[in-house]
Amino acid sequence: MKKITLILFLYSILMFGQDKTSRVEYSLIVGEDSKFDNSPVAEYYKEARKNAKYVTFFLDFNDTAMLFYENKKMISGENNTNFSSAFSGVDGKYYKEKKSNIIFNEINNHIGHIILKKIDDTKWILTKESKKIQGYLCYKATTVSTVKNSAGTFKRTIIAWYCPTIPASFGPKGYGGLPGLILELQDRNIIIGATKIELKTKDAKIEIPKNAKIVTEEEYKKLITDFAKKIEDESK
C-alpha cells in the first residue's frame, strides 16, 4: 500500500513539474429550492433547472495560475440556458494566481468591460469524509459564506470536495486554498461537479486581459449605483 502511495505521489510531482496547462470540465446541477416555489421568478427557476444539463464550465490551470469560465455553446430549439447560467452564480471569468489571495473576476456587461478585484479570505474546515469523483479520491471541506444586501445579512454553507492527488489549490469561481484541486463545489442547491479531467495536455495561456479596467468591490458597487441613476434620469 505504501509503495502504491509513493508511486502516485511521484507521478503527481512529475505531471505538475511540466510546463503544460491542465483542464477540468464541470457540469451544472440546479436542484430543488422551495423558496422559489411561489416567488415571482418561479418559472425562470423551473427553466433553469430543466436546462442546467446543457451548461458546462472549464477550469484551466498550471503551476502558477488558474482561469475558470463557462463553456459557451450554441443550444438549439427551446433549450435556453440563460436562466441556468444566471442561477449558477458564475459571472464572467475568474483568474487567480497560486501564491495570491486575490481573485480577479472579469465581467463584460452593460456597465462595461471590467475586472472586479476581490480578496479571498475563505476559511475552510477540513473533514475526513471522502468520496470518489471521476475515479479520484476527494475529501470534504466546508466554509460559511456571508452575503449582505438590502434585504439583510444571510449566511450559507459552501461545500467543496478536493483531491489531494491533484496538487493544485484551485477550484470553480475562484475558490481554492485547499490541499488539492476542487472537483465539486456546492452552494446551497447549486452543484458544479467535474465530469472530465485532462492533466497537462493543453498549451492554453492563462493571463489577465490588459484592456479591462480593474476595480475594487466598493468601486464596482458605485459603478452599478451610478449606472442605475443614469438610466433613471434618462427615463424621466
# chains A, B, ... in the order shown; residues from 1 in each chain; ligands from 1
>>> residues_around(residues="Asn108 of chain A", least_positions_apart="5", cutoff="8 Å", atoms="only C-alpha atoms", output="number ranges by chain")
A: 92, 113-114
>>> residues_around(residues="segment 28-41 of chain A", least_positions_apart="4", cutoff="7 Å", atoms="only C-alpha atoms", output="VMD selection string")
chain A and resid 45 48 to 49 52 to 53 55 to 56 189 to 193
>>> write_last_selection(atoms="N, CA, C and O atoms", output="compact mmCIF listing (two decimals), in the first residue's frame")
# COMPACT_ATOMS: atom_id res chain seq x y z
N TYR A 45 -36.87 29.86 -12.58
CA TYR A 45 -36.10 28.85 -11.85
C TYR A 45 -36.39 27.45 -12.41
O TYR A 45 -35.48 26.62 -12.52
N ALA A 48 -34.44 27.13 -15.44
CA ALA A 48 -33.02 26.97 -15.09
C ALA A 48 -32.72 25.52 -14.73
O ALA A 48 -31.70 24.96 -15.15
N ARG A 49 -33.59 24.90 -13.95
CA ARG A 49 -33.39 23.51 -13.54
C ARG A 49 -33.44 22.57 -14.75
O ARG A 49 -32.62 21.66 -14.87
N ALA A 52 -30.17 23.12 -17.05
CA ALA A 52 -28.85 23.14 -16.42
C ALA A 52 -27.92 22.09 -17.03
O ALA A 52 -26.70 22.28 -17.09
N LYS A 53 -28.49 20.99 -17.50
CA LYS A 53 -27.67 19.90 -18.06
C LYS A 53 -26.92 20.31 -19.33
O LYS A 53 -25.98 19.62 -19.75
N VAL A 55 -25.34 23.24 -19.57
CA VAL A 55 -24.32 24.21 -19.18
C VAL A 55 -23.07 23.49 -18.68
O VAL A 55 -23.15 22.60 -17.84
N THR A 56 -21.91 23.87 -19.20
CA THR A 56 -20.65 23.32 -18.73
C THR A 56 -19.65 24.45 -18.49
O THR A 56 -19.79 25.54 -19.05
N ASN A 189 -28.25 24.79 -3.32
CA ASN A 189 -28.76 23.75 -4.21
C ASN A 189 -28.05 23.73 -5.57
O ASN A 189 -28.45 23.01 -6.47
N ILE A 190 -27.00 24.52 -5.70
CA ILE A 190 -26.26 24.59 -6.96
C ILE A 190 -24.98 23.76 -6.84
O ILE A 190 -24.16 23.99 -5.96
N ILE A 191 -24.82 22.79 -7.74
CA ILE A 191 -23.64 21.93 -7.72
C ILE A 191 -22.88 22.04 -9.04
O ILE A 191 -23.46 21.86 -10.11
N ILE A 192 -21.60 22.34 -8.93
CA ILE A 192 -20.71 22.37 -10.09
C ILE A 192 -19.71 21.23 -9.89
O ILE A 192 -18.89 21.28 -8.97
N GLY A 193 -19.83 20.19 -10.72
CA GLY A 193 -19.04 18.98 -10.50
C GLY A 193 -18.25 18.55 -11.72
O GLY A 193 -18.72 18.65 -12.86
>>> select_by_dssp(residues="segment 24-66 of chain A", states="alpha helix (DSSP H)", output="PyMOL selection string")
chain A and resi 42-51
>>> write_last_selection(atoms="C-alpha atoms", output="compact mmCIF listing (two decimals), in the first residue's frame")
# COMPACT_ATOMS: atom_id res chain seq x y z
CA ALA A 42 -40.64 30.55 -10.09
CA GLU A 43 -40.98 29.96 -13.84
CA TYR A 44 -37.46 31.19 -14.50
CA TYR A 45 -36.10 28.85 -11.85
CA LYS A 46 -38.02 25.94 -13.34
CA GLU A 47 -36.46 26.75 -16.72
CA ALA A 48 -33.02 26.97 -15.09
CA ARG A 49 -33.39 23.51 -13.54
CA LYS A 50 -34.56 21.96 -16.79
CA ASN A 51 -31.72 23.31 -18.93
>>> residues_around(residues="segment 180-184 of chain A", least_positions_apart="5", cutoff="8 Å", atoms="only C-alpha atoms", output="MDAnalysis selection string")
chainID A and resid 133 138 160:172 191:194
>>> atom_distance(atom1="atom CA of Ile115 of chain A", atom2="atom CA of Lys230 of chain A")
21.4 Å
>>> closest_residue(among="A:Leu116, A:Ala86, A:Leu59, A:Ile103", to="Lys221 of chain A", atoms="only C-alpha atoms")
A:Leu116
>>> atom_distance(atom1="atom CA of Ile224 of chain A", atom2="atom CA of Asp121 of chain A")
23.9 Å
